[in-house]
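Novice: Sharing a structure with you now.
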There are 4 protein chains.
Amino acid sequence: MAAPHGTEDLRTRARHVIFEADTPAGKLFDVVLLVLIIGSVLLVMFESVRQLTEDYGDLLFRLELAVTVLFTIEYAIRIWSAEDRWAYARSFYGVIDLVSILPVYLSLLIPGATSFLMIRALRLLRIFRVFKMARWLGEANFLVTALRASARKISVFLLTVLLVNLIMGAVMYVVEGEASGFDSIFRGVYWSIVTMSTVGFGDITPQTPLGQVLAAALMIMGYSIIAVPTGIVSSEMAMQRRTVEHSGCPACGATDHRGDARHCYNCGVDLQLA
Amino acid sequence: MAAPHGTEDLRTRARHVIFEADTPAGKLFDVVLLVLIIGSVLLVMFESVRQLTEDYGDLLFRLELAVTVLFTIEYAIRIWSAEDRWAYARSFYGVIDLVSILPVYLSLLIPGATSFLMIRALRLLRIFRVFKMARWLGEANFLVTALRASARKISVFLLTVLLVNLIMGAVMYVVEGEASGFDSIFRGVYWSIVTMSTVGFGDITPQTPLGQVLAAALMIMGYSIIAVPTGIVSSEMAMQRRTVEHSGCPACGATDHRGDARHCYNCGVDLQLA
Amino acid sequence: MAAPHGTEDLRTRARHVIFEADTPAGKLFDVVLLVLIIGSVLLVMFESVRQLTEDYGDLLFRLELAVTVLFTIEYAIRIWSAEDRWAYARSFYGVIDLVSILPVYLSLLIPGATSFLMIRALRLLRIFRVFKMARWLGEANFLVTALRASARKISVFLLTVLLVNLIMGAVMYVVEGEASGFDSIFRGVYWSIVTMSTVGFGDITPQTPLGQVLAAALMIMGYSIIAVPTGIVSSEMAMQRRTVEHSGCPACGATDHRGDARHCYNCGVDLQLA
Amino acid sequence: MAAPHGTEDLRTRARHVIFEADTPAGKLFDVVLLVLIIGSVLLVMFESVRQLTEDYGDLLFRLELAVTVLFTIEYAIRIWSAEDRWAYARSFYGVIDLVSILPVYLSLLIPGATSFLMIRALRLLRIFRVFKMARWLGEANFLVTALRASARKISVFLLTVLLVNLIMGAVMYVVEGEASGFDSIFRGVYWSIVTMSTVGFGDITPQTPLGQVLAAALMIMGYSIIAVPTGIVSSEMAMQRRTVEHSGCPACGATDHRGDARHCYNCGVDLQLA
């Protein structure tokens, strides 16, 4: 904290602006970066429209280059100003930041390598930076905590659903056969997942009476079984809310106080003083 | 309140009938208006059926005119009797009331401007007046409050869903390509939303094995992730119900006590004695 | 209760067997009736299959006649043994019982009136008798009470959904036009309901980019808004469970006891004695 | 427990490894078996792909034989080491274990009996062994308990849904007729289930205005009625969680106390002092 001047001083300030969001400059940086990321994502999307690449291919390419240069500068500053450079470079966001600039340079070196579009699309992952912005952090944490707490229960549910779909897919393959489009068990399982999740594309549909009865049973099952993950998450969230808002009374041990309680509801002791 | 007679008296009475619903005349006015609005909405719908405009175009036009004249009179009385005329004219309902009569007059002035149908459809918004009727107010407030309280959590959820759809759309565009109808990332994102929300039109479906595996994963994700907004709203509503039902403290007026609280959480007074 | 003999005695006994289910004979009657009803429903369904009427039309007709005669006898006994004959005849089940036998006799009188099938299908409503059987009564009541308690909130929700679909249908009609199958606002509203409820037939799909963006918004809305009725019913049921299982302590007034509690959890008083 | 040596000793050790999972050897056996089961399931799936049987039929057949021999050895050891051999042989898993090896041997004896694939697919049921693994047991129990507790309520719900679909199917058959694909009441009921469960294949869709109005009503009903099973399971799980987390009474052993209980609800003992 003492006498930071010269480059060291600049580096610390850059770190605060780039890695944190609690100063006006940091917030501004985050917003500008977010706009740039969304812009770059839209660019990738526009480039995938054949009509647009034919008419504005040149313009899109220049914008692409401009965005890449800006991201490169940002990446360089991040590396330079990070407290632990290697830790940043290996972190999820560090890798994403690098991966989102490399393909453009590679496509310049290796002409005709337009297939880098696929990798360039990884740039989309940078959008998740938005969740590092302060205003979403609390809410995102709440959801992540609730989901993590119910992850095992949901896994058991999903595993059961997958097994049911495996068996149903095999049965439908045998019952319906190739005539109805069920030309392998894989296709049957795909159809079963499409049906049980109530998506119902309609690209493959059962034609035999028995197949339709089985399909109807699968649909009703999928329709009512959705209650299970919903129940898991609902009860988890209800519990988490209670937990977050209440702590035990230091005098009588009564728990489940309101979040803004000043006195214990049971013995009346002042919770702030106790 | 003293000596209101002449036009002033009439204006106050008109205001009570038109803007409030707690007198028999006010309730009657609301019901008549609601019937008229629904009728005018049906008119717009009928006019959109080619067969009907060909056979009964004249009749529909006259009914349209009649409804518009009635709405014009109503609008004039509202402006005249409103306590703060400018406030009403600028309010949501004031603008809607005006917008729902203008297009018909404009289509009389500018012949052939049938494209005003689009604006006339805005008249549909008048239907929301139904929520100003006393009997729905409490229930609507409950829902709005619960939704508003969970708005931020739901936003985080929807943002995540959108990001997943963005990435999935790009991946499917690369995996499936134009042959299966995924002819741009935009189309891929559209398909991804259609699939994850379990709508599943079936106008675009994956044809390659890898595409179908990814689609199956997306469906199962969409199927189980619906638990998240449901859990948020469920736990919010459960909390709100508890809150609504517990009464205020007789000493300090603090509300939202626990059902079995003996002392006020705010001032510590004994609730049983007070 | 004293000296019931002759027809009066028989009538009372018939009433107990037919209208109640707490005696062995009553239960047996209910089961036999249920089997007959399901059989008669299957008959109507079989008669709707062209192949079967061609091959087994005669057999089906005879079975139909046999079932009708049995139902007629049952109806006659019900009328004869009912405590208040007129009350039974006008009740929901009384009307259904009559309506389910009339069409067959009418089709005998008026030859060629096969269109009575439609009315005969009303016989399906007799199936609801199953809910009068004792074992389902408690559960059915729980569900009905929970739904009735949340009926107004759900009405507000459904009304909002309908208004959104009305507006969305009109907008899609203007945006997409006849080329994509949106050939009237009615069709647009139908499509909007199909989409928002996540059914997604795919018989009408948006073709223009703007239409697809709007459709995507509608889907995501439908996908997250399902949380609202679910939240309403969940919190209602949670409350109902608590209410059903707990009553206040007569000594200290503490509420929320376990359903099988014998002592107050707060003051320890014996709840059975108090 | 005394002096177990020779084959008896080996049998006990084999039993521990095969039937239990709390030793390192037992865990290893479970993992190896699981990999083998998944492999054998994939084999059945691959064999259903025509292209693969044509190109690699021989290889698939040999792998199939190898897996079958391994499963046969496993089955033999299970029979040999089981505490009660007959009890194992008749148990769910015992039957599945046998059924999953028999078809291959039968297809060797009776050439051309490829239709045994259907029975071989039953091998998929072995996958459920995964739930016997310790780590999932608790979670699976939680879900099963919650579902079992709400089974009757969900049955009533499903019965109502089925009745509604029966009636709706008959009505749609009469309203739409064969022209739209509703060529029997069975088909109508199938369509009704497809629609109400929000699957919406789109293979059969209503064409008449009245049919579309009825379909819209059915969809909105299906869309809001999903709240019912969800609410049942949610409130059941919330209750179960509370139950699971509260500890037993030190005096009488009664469990399921309220979180803030001071006295046992059963014997009235002071929980804080005890």
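In the structure tokens, the first chain shown is A, the next is B, and so on; residue numbers restart at 1 for each chain, and ligands run from 1 in the order shown.
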Please identify every residue of chain D that has at least one atom no more than 10 Å from any atom of chain B, counting only C-alpha atoms, and report them as a PDB file with N, CA, C and O atoms, in the first residue's frame.
Specialist:
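The resulting file, part.pdb, is shown below:
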ATOM      1  N   THR D 198     -49.066 -31.423 -23.675  1.00  0.00           N
ATOM      2  CA  THR D 198     -48.247 -30.402 -24.349  1.00  0.00           C
ATOM      3  C   THR D 198     -47.127 -31.008 -25.193  1.00  0.00           C
ATOM      4  O   THR D 198     -46.142 -30.330 -25.476  1.00  0.00           O
ATOM      5  N   VAL D 199     -47.270 -32.286 -25.596  1.00  0.00           N
ATOM      6  CA  VAL D 199     -46.267 -32.858 -26.495  1.00  0.00           C
ATOM      7  C   VAL D 199     -46.457 -32.288 -27.905  1.00  0.00           C
ATOM      8  O   VAL D 199     -45.539 -31.717 -28.479  1.00  0.00           O
ATOM      9  N   GLY D 200     -47.684 -32.437 -28.443  1.00  0.00           N
ATOM     10  CA  GLY D 200     -47.999 -31.800 -29.718  1.00  0.00           C
ATOM     11  C   GLY D 200     -47.162 -32.265 -30.886  1.00  0.00           C
ATOM     12  O   GLY D 200     -46.404 -31.483 -31.447  1.00  0.00           O
ATOM     13  N   PHE D 201     -47.300 -33.549 -31.291  1.00  0.00           N
ATOM     14  CA  PHE D 201     -46.539 -34.038 -32.446  1.00  0.00           C
ATOM     15  C   PHE D 201     -46.875 -33.255 -33.706  1.00  0.00           C
ATOM     16  O   PHE D 201     -46.006 -32.928 -34.493  1.00  0.00           O
ATOM     17  N   GLY D 202     -48.171 -33.001 -33.919  1.00  0.00           N
ATOM     18  CA  GLY D 202     -48.583 -32.351 -35.152  1.00  0.00           C
ATOM     19  C   GLY D 202     -48.896 -33.354 -36.249  1.00  0.00           C
ATOM     20  O   GLY D 202     -49.124 -32.950 -37.378  1.00  0.00           O
ATOM     21  N   ALA D 227     -49.939 -27.861 -12.928  1.00  0.00           N
ATOM     22  CA  ALA D 227     -49.659 -27.338 -11.591  1.00  0.00           C
ATOM     23  C   ALA D 227     -50.070 -28.328 -10.510  1.00  0.00           C
ATOM     24  O   ALA D 227     -49.511 -28.318  -9.413  1.00  0.00           O
ATOM     25  N   THR D 230     -47.455 -31.160  -9.732  1.00  0.00           N
ATOM     26  CA  THR D 230     -46.303 -30.424  -9.224  1.00  0.00           C
ATOM     27  C   THR D 230     -46.550 -29.943  -7.804  1.00  0.00           C
ATOM     28  O   THR D 230     -45.694 -30.073  -6.930  1.00  0.00           O
ATOM     29  N   GLY D 231     -47.742 -29.404  -7.582  1.00  0.00           N
ATOM     30  CA  GLY D 231     -48.075 -28.927  -6.245  1.00  0.00           C
ATOM     31  C   GLY D 231     -48.104 -30.068  -5.242  1.00  0.00           C
ATOM     32  O   GLY D 231     -47.603 -29.935  -4.121  1.00  0.00           O
ATOM     33  N   SER D 234     -44.449 -31.139  -4.604  1.00  0.00           N
ATOM     34  CA  SER D 234     -43.715 -30.076  -3.908  1.00  0.00           C
ATOM     35  C   SER D 234     -44.067 -30.035  -2.434  1.00  0.00           C
ATOM     36  O   SER D 234     -43.187 -30.022  -1.572  1.00  0.00           O
TER      37      SER D 234
END
Novice: Name all residues at most 10 Å from Val69 in chain D (count only C-alpha atoms; drop same-chain ones fewer than 6 positions away) and give them as a CSV table (one decimal) with N, CA, C and O atoms, in the first residue's frame.
Specialist:
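Result went into selection-v2.csv, see below:
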chain,number,residue,atom,x,y,z
D,63,LEU,N,-18.5,-60.2,-29.7
D,63,LEU,CA,-18.6,-59.4,-28.5
D,63,LEU,C,-19.8,-59.8,-27.7
D,63,LEU,O,-19.8,-60.0,-26.4
D,75,TYR,N,-23.7,-65.1,-13.2
D,75,TYR,CA,-25.0,-65.7,-12.7
D,75,TYR,C,-24.7,-66.9,-11.9
D,75,TYR,O,-25.3,-67.1,-10.8
D,101,ILE,N,-29.4,-63.5,-20.3
D,101,ILE,CA,-28.4,-64.4,-20.9
D,101,ILE,C,-29.1,-65.5,-21.8
D,101,ILE,O,-28.5,-66.0,-22.8
D,104,VAL,N,-29.5,-65.3,-26.0
D,104,VAL,CA,-28.3,-65.6,-26.8
D,104,VAL,C,-28.1,-67.1,-27.1
D,104,VAL,O,-27.9,-67.5,-28.2
D,105,TYR,N,-28.2,-67.9,-26.0
D,105,TYR,CA,-28.1,-69.3,-26.1
D,105,TYR,C,-29.2,-69.9,-27.0
D,105,TYR,O,-29.0,-70.8,-27.8
Novice: Using only C-alpha atoms, which residue out of A:Val32, A:Ile232, A:Leu59, A:Arg11 lies closest to Leu147 in chain A?
Specialist: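 Among A:Val32, A:Ile232, A:Leu59, A:Arg11, it is A:Ile232 that comes nearest to Leu147 in chain A.
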Novice: Per DSSP on the backbone, what are the helix (DSSP H, G or I) residues of range 59-227 of chain A, as an MDAnalysis selection string?
Specialist: chainID A and resid 59:81 85:90 92:99 102:109 114:132 134:149 151:176 178:180 185:196 209:225 227
Novice: From the set D:Gly26, D:Tyr56, D:Asp9, D:Met45, which residue has the shortest atom-to-atom contact distance to Tyr173 in chain A, counting only C-alpha atoms?
Specialist: D:Met45
Novice: Fewer than 2 positions away in the same chain doesn't count, so skip those; otherwise give me all residues within 7 Å of Met219 in chain A, counting only C-alpha atoms, as a count of residues only.
Specialist: 11
Novice: To one decimal place, how far is CA of Val44 in chain D from CA of Phe182 in chain A in Å?
Specialist: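 Separating CA of Val44 in chain D from CA of Phe182 in chain A is a distance of 14.9 Å.
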Novice: Contacts of range 85-92 of chain B at 12 Å or less, counting only C-alpha atoms, minus same-chain residues fewer than 4 places along, as JSON, numbers by chain?
Specialist: {"B": [15, 19, 75, 76, 77, 78, 79, 80, 81, 96, 97, 98, 99, 125, 126, 128, 129]}
Novice: Keeping only C-alpha atoms, take the residues you just selected and write them out as a PDB file, in the first residue's frame.
Specialist:
ATOM      1  CA  ARG B  15     -66.411  10.825 -12.839  1.00  0.00           C
ATOM      2  CA  PHE B  19     -63.648   6.068 -13.149  1.00  0.00           C
ATOM      3  CA  TYR B  75     -63.296   9.271 -24.486  1.00  0.00           C
ATOM      4  CA  ALA B  76     -64.764  12.775 -24.604  1.00  0.00           C
ATOM      5  CA  ILE B  77     -66.637  12.255 -21.323  1.00  0.00           C
ATOM      6  CA  ARG B  78     -63.528  10.806 -19.706  1.00  0.00           C
ATOM      7  CA  ILE B  79     -61.460  13.851 -20.728  1.00  0.00           C
ATOM      8  CA  TRP B  80     -64.219  16.207 -19.615  1.00  0.00           C
ATOM      9  CA  SER B  81     -64.849  14.579 -16.241  1.00  0.00           C
ATOM     10  CA  ILE B  96     -54.825   3.351 -25.390  1.00  0.00           C
ATOM     11  CA  ASP B  97     -58.311   4.896 -25.354  1.00  0.00           C
ATOM     12  CA  LEU B  98     -57.213   7.500 -27.915  1.00  0.00           C
ATOM     13  CA  VAL B  99     -55.240   5.086 -30.084  1.00  0.00           C
ATOM     14  CA  LEU B 125     -55.120  -3.512 -25.004  1.00  0.00           C
ATOM     15  CA  ARG B 126     -58.309  -1.920 -23.694  1.00  0.00           C
ATOM     16  CA  PHE B 128     -56.777  -4.986 -19.689  1.00  0.00           C
ATOM     17  CA  ARG B 129     -59.317  -2.596 -18.165  1.00  0.00           C
TER      18      ARG B 129
END
Novice: Would you pick out the contacts of Glu178 in chain C at 12 Å or less, using only C-alpha atoms, so that residues sharing its chain but fewer than 2 positions from it are not included, and give the list as a list in words?
Specialist: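 Contacts, with the query itself left out: Ser48, Val49 and Arg50 of chain B; Met172, Tyr173, Val174, Val175, Glu176, Ser180, Gly181, Phe182, Asp183, Ser184, Ile185, Arg187, Gly188, Ile204, Thr205, Pro206, Gln207 and Thr208 of chain C.
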